[in-house]
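Note: the block below is input_27.pdb and it holds PDB, C-alpha atoms, pLDDT in the B column.
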ATOM      1  CA  MET A 188      -1.867  97.992 146.768  1.00 70.00           C
ATOM      2  CA  PHE A 189      -2.581  96.445 143.365  1.00 75.00           C
ATOM      3  CA  THR A 190      -6.349  96.842 143.574  1.00 82.00           C
ATOM      4  CA  TYR A 191      -6.291 100.652 143.348  1.00 85.00           C
ATOM      5  CA  PRO A 192      -4.838 100.818 139.823  1.00 88.00           C
ATOM      6  CA  PHE A 193      -7.301  98.149 138.678  1.00 88.00           C
ATOM      7  CA  SER A 194     -10.162 100.161 140.156  1.00 88.00           C
ATOM      8  CA  GLY A 195      -8.893 103.274 138.415  1.00 90.00           C
ATOM      9  CA  PHE A 196      -8.567 101.557 135.044  1.00 89.00           C
ATOM     10  CA  GLY A 197     -11.982  99.975 135.475  1.00 87.00           C
ATOM     11  CA  MET A 198     -13.650 103.302 136.206  1.00 86.00           C
ATOM     12  CA  ALA A 199     -11.818 104.949 133.294  1.00 88.00           C
ATOM     13  CA  PHE A 200     -13.185 102.179 131.074  1.00 82.00           C
ATOM     14  CA  VAL A 201     -16.727 102.736 132.383  1.00 78.00           C
ATOM     15  CA  ILE A 202     -16.500 106.508 131.856  1.00 80.00           C
ATOM     16  CA  TYR A 203     -15.121 106.058 128.353  1.00 80.00           C
ATOM     17  CA  ALA A 204     -17.849 103.561 127.495  1.00 73.00           C
ATOM     18  CA  VAL A 205     -20.626 105.817 128.726  1.00 71.00           C
ATOM     19  CA  ILE A 206     -19.349 109.003 127.104  1.00 75.00           C
ATOM     20  CA  TYR A 207     -17.968 107.857 123.760  1.00 75.00           C
ATOM     21  CA  GLN A 208     -19.586 104.541 122.894  1.00 67.00           C
ATOM     22  CA  ASN A 209     -23.372 104.961 122.720  1.00 66.00           C
ATOM     23  CA  ASN A 210     -23.981 101.486 121.312  1.00 63.00           C
ATOM     24  CA  PHE A 211     -21.576  99.793 123.719  1.00 67.00           C
ATOM     25  CA  LEU A 212     -23.126  97.081 125.919  1.00 74.00           C
ATOM     26  CA  LEU A 213     -21.929  98.667 129.192  1.00 71.00           C
ATOM     27  CA  SER A 214     -23.449 102.000 128.205  1.00 70.00           C
ATOM     28  CA  ASN A 215     -26.800 100.315 127.601  1.00 75.00           C
ATOM     29  CA  ILE A 216     -26.614  98.462 130.897  1.00 77.00           C
ATOM     30  CA  LEU A 217     -25.870 101.654 132.822  1.00 75.00           C
ATOM     31  CA  LYS A 218     -28.847 103.380 131.180  1.00 80.00           C
ATOM     32  CA  ASN A 219     -31.117 100.741 132.707  1.00 86.00           C
ATOM     33  CA  ARG A 220     -33.663 102.355 135.042  1.00 92.00           C
ATOM     34  CA  VAL A 221     -32.496 100.262 138.029  1.00 92.00           C
ATOM     35  CA  PHE A 222     -28.951 101.613 137.699  1.00 88.00           C
ATOM     36  CA  VAL A 223     -30.252 105.139 137.118  1.00 90.00           C
ATOM     37  CA  PHE A 224     -32.290 104.871 140.326  1.00 94.00           C
ATOM     38  CA  LEU A 225     -29.270 103.524 142.230  1.00 92.00           C
ATOM     39  CA  GLY A 226     -27.369 106.543 140.912  1.00 90.00           C
ATOM     40  CA  LYS A 227     -30.005 108.852 142.382  1.00 92.00           C
ATOM     41  CA  ILE A 228     -29.737 107.269 145.817  1.00 94.00           C
ATOM     42  CA  SER A 229     -25.966 106.708 145.608  1.00 93.00           C
ATOM     43  CA  TYR A 230     -25.137 109.308 148.267  1.00 93.00           C
ATOM     44  CA  GLY A 231     -27.352 107.448 150.727  1.00 94.00           C
ATOM     45  CA  LEU A 232     -25.778 104.148 149.713  1.00 94.00           C
ATOM     46  CA  TYR A 233     -22.388 105.631 150.541  1.00 94.00           C
ATOM     47  CA  ILE A 234     -23.512 107.146 153.843  1.00 95.00           C
ATOM     48  CA  TYR A 235     -25.615 104.284 155.209  1.00 95.00           C
ATOM     49  CA  HIS A 236     -23.686 101.175 154.178  1.00 94.00           C
ATOM     50  CA  LEU A 237     -21.506 101.063 157.306  1.00 94.00           C
ATOM     51  CA  ILE A 238     -24.513 101.648 159.564  1.00 94.00           C
ATOM     52  CA  SER A 239     -26.369  98.786 157.893  1.00 95.00           C
ATOM     53  CA  ILE A 240     -23.424  96.406 158.124  1.00 92.00           C
ATOM     54  CA  SER A 241     -22.944  97.220 161.806  1.00 92.00           C
ATOM     55  CA  LEU A 242     -26.652  96.822 162.526  1.00 92.00           C
ATOM     56  CA  VAL A 243     -26.847  93.448 160.782  1.00 90.00           C
ATOM     57  CA  ASN A 244     -23.703  92.226 162.558  1.00 84.00           C
ATOM     58  CA  GLN A 245     -25.187  93.176 165.931  1.00 86.00           C
ATOM     59  CA  ILE A 246     -28.477  91.486 165.086  1.00 85.00           C
ATOM     60  CA  PHE A 247     -26.708  88.276 164.046  1.00 80.00           C
ATOM     61  CA  ASN A 248     -24.547  88.312 167.174  1.00 78.00           C
ATOM     62  CA  LYS A 249     -27.564  88.744 169.452  1.00 79.00           C
ATOM     63  CA  LEU A 250     -29.807  86.380 167.534  1.00 78.00           C
ATOM     64  CA  PHE A 251     -27.383  83.487 167.198  1.00 73.00           C
ATOM     65  CA  ASP A 252     -25.129  84.205 170.204  1.00 70.00           C
ATOM     66  CA  ILE A 253     -21.876  83.537 168.367  1.00 62.00           C
ATOM     67  CA  THR A 254     -18.428  85.072 168.393  1.00 60.00           C
ATOM     68  CA  ALA A 255     -17.214  87.469 165.709  1.00 58.00           C
ATOM     69  CA  GLN A 256     -14.857  84.846 164.262  1.00 61.00           C
ATOM     70  CA  GLN A 257     -17.616  82.254 163.906  1.00 61.00           C
ATOM     71  CA  HIS A 258     -19.906  84.935 162.553  1.00 56.00           C
ATOM     72  CA  GLN A 259     -17.532  85.796 159.675  1.00 58.00           C
ATOM     73  CA  GLN A 260     -17.044  82.155 158.763  1.00 64.00           C
ATOM     74  CA  ILE A 261     -20.676  81.053 158.834  1.00 63.00           C
ATOM     75  CA  TYR A 262     -22.849  83.941 157.628  1.00 71.00           C
ATOM     76  CA  PRO A 263     -20.964  86.220 155.183  1.00 78.00           C
ATOM     77  CA  ILE A 264     -23.443  85.891 152.296  1.00 81.00           C
ATOM     78  CA  SER A 265     -26.462  86.356 154.573  1.00 82.00           C
ATOM     79  CA  ILE A 266     -24.890  89.415 156.162  1.00 83.00           C
ATOM     80  CA  PHE A 267     -24.064  90.841 152.738  1.00 88.00           C
ATOM     81  CA  ILE A 268     -27.589  90.379 151.368  1.00 91.00           C
ATOM     82  CA  ILE A 269     -29.380  91.692 154.459  1.00 92.00           C
ATOM     83  CA  SER A 270     -26.962  94.624 154.789  1.00 94.00           C
ATOM     84  CA  LEU A 271     -27.461  95.488 151.131  1.00 95.00           C
ATOM     85  CA  PHE A 272     -31.228  95.404 151.610  1.00 96.00           C
ATOM     86  CA  PHE A 273     -31.076  97.670 154.698  1.00 95.00           C
ATOM     87  CA  THR A 274     -28.705 100.044 152.917  1.00 96.00           C
ATOM     88  CA  VAL A 275     -30.979 100.395 149.902  1.00 96.00           C
ATOM     89  CA  VAL A 276     -34.073 100.894 152.083  1.00 96.00           C
ATOM     90  CA  LEU A 277     -32.353 103.530 154.236  1.00 96.00           C
ATOM     91  CA  SER A 278     -31.071 105.273 151.118  1.00 96.00           C
ATOM     92  CA  ILE A 279     -34.513 105.374 149.508  1.00 96.00           C
ATOM     93  CA  VAL A 280     -36.080 106.790 152.670  1.00 96.00           C
ATOM     94  CA  SER A 281     -33.290 109.346 152.978  1.00 95.00           C
ATOM     95  CA  TYR A 282     -33.595 110.368 149.337  1.00 95.00           C
ATOM     96  CA  TYR A 283     -37.338 111.009 149.459  1.00 94.00           C
ATOM     97  CA  TRP A 284     -37.523 112.531 152.955  1.00 93.00           C
ATOM     98  CA  ILE A 285     -34.305 114.545 153.140  1.00 91.00           C
ATOM     99  CA  GLU A 286     -32.380 114.882 149.881  1.00 89.00           C
ATOM    100  CA  LYS A 287     -35.297 115.840 147.613  1.00 88.00           C
ATOM    101  CA  SER A 288     -36.054 118.855 149.819  1.00 86.00           C
ATOM    102  CA  PHE A 289     -32.508 120.104 149.413  1.00 85.00           C
ATOM    103  CA  LEU A 290     -32.555 119.421 145.680  1.00 82.00           C
ATOM    104  CA  LYS A 291     -35.633 121.654 145.378  1.00 82.00           C
ATOM    105  CA  LEU A 292     -33.808 124.388 147.304  1.00 82.00           C
ATOM    106  CA  LYS A 293     -30.926 124.115 144.868  1.00 77.00           C
ATOM    107  CA  GLN A 294     -33.173 125.250 142.022  1.00 74.00           C
ATOM    108  CA  ARG A 295     -34.306 128.227 144.084  1.00 76.00           C
ATOM    109  CA  PHE A 296     -30.788 129.514 144.617  1.00 75.00           C
ATOM    110  CA  SER A 297     -29.321 128.719 141.216  1.00 71.00           C
ATOM    111  CA  VAL A 298     -27.758 131.432 139.090  1.00 71.00           C
ATOM    112  CA  ILE A 299     -30.036 132.835 136.408  1.00 69.00           C
ATOM    113  CA  THR A 300     -28.321 133.752 133.184  1.00 71.00           C
ATOM    114  CA  SER A 301     -29.472 137.015 131.654  1.00 69.00           C
ATOM    115  CA  HIS A 302     -30.769 137.291 128.104  1.00 69.00           C
ATOM    116  CA  PRO A 303     -30.162 140.179 125.734  1.00 68.00           C
ATOM    117  CA  ILE A 304     -32.949 142.768 125.611  1.00 62.00           C
TER     118      ILE A 304
END
For this file, write the structure as structure tokens.
Amino acid sequence: MFTYPFSGFGMAFVIYAVIYQNNFLLSNILKNRVFVFLGKISYGLYIYHLISISLVNQIFNKLFDITAQQHQQIYPISIFIISLFFTVVLSIVSYYWIEKSFLKLKQRFSVITSHPI
């Protein structure tokens, strides 16, 4: 219950820093090309993260033949890193194979503002 207000204040701080403070450290960090690229593939990150986590959990369960309780105690960092890797890879593939096609269509159907004659 207490984490939601902290998340809200944190995001408000990030938005303020990016919009109003051009020389602010956080603004410079978020302009880094890695973060810009992650922003481009962010929809895929959102969509595929649960699939990746589930896939990695199943792989660990089959590979090491352990119970879910043991699995959460022994391998949380490994699962996090491998799931993050799979999520980013799936998101990149999705962005270039699916999303870019739709982004090109968006330009085709955009409203054209008229100019005076």
Test item: residues at most 10 Å from segment 192-201 of chain A, all atoms listed in the file, excluding those fewer than 5 positions along its chain, as an MDAnalysis selection string: chainID A and resid 206 213:214 217
Given the PyMOL selection byres ((chain A and resi 229-246) around 6), the residues it picks as a ChimeraX atom specification: /A:225-228,247-250,270,273-274,278
Selected residue, from A:Met188, A:Asn215, A:Phe224, A:Tyr207, that lies nearest to Ile279 of chain A when counting all atoms listed in the file: A:Phe224
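Between atom CA of Phe267 of chain A and atom CA of Trp284 of chain A lies a distance of 25.5 Å.
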Would you work out the distance separating atom CA of Val275 of chain A from atom CA of Ile216 of chain A, expressed in Å to one decimal?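 Going from atom CA of Val275 of chain A over to atom CA of Ile216 of chain A covers 19.6 Å.
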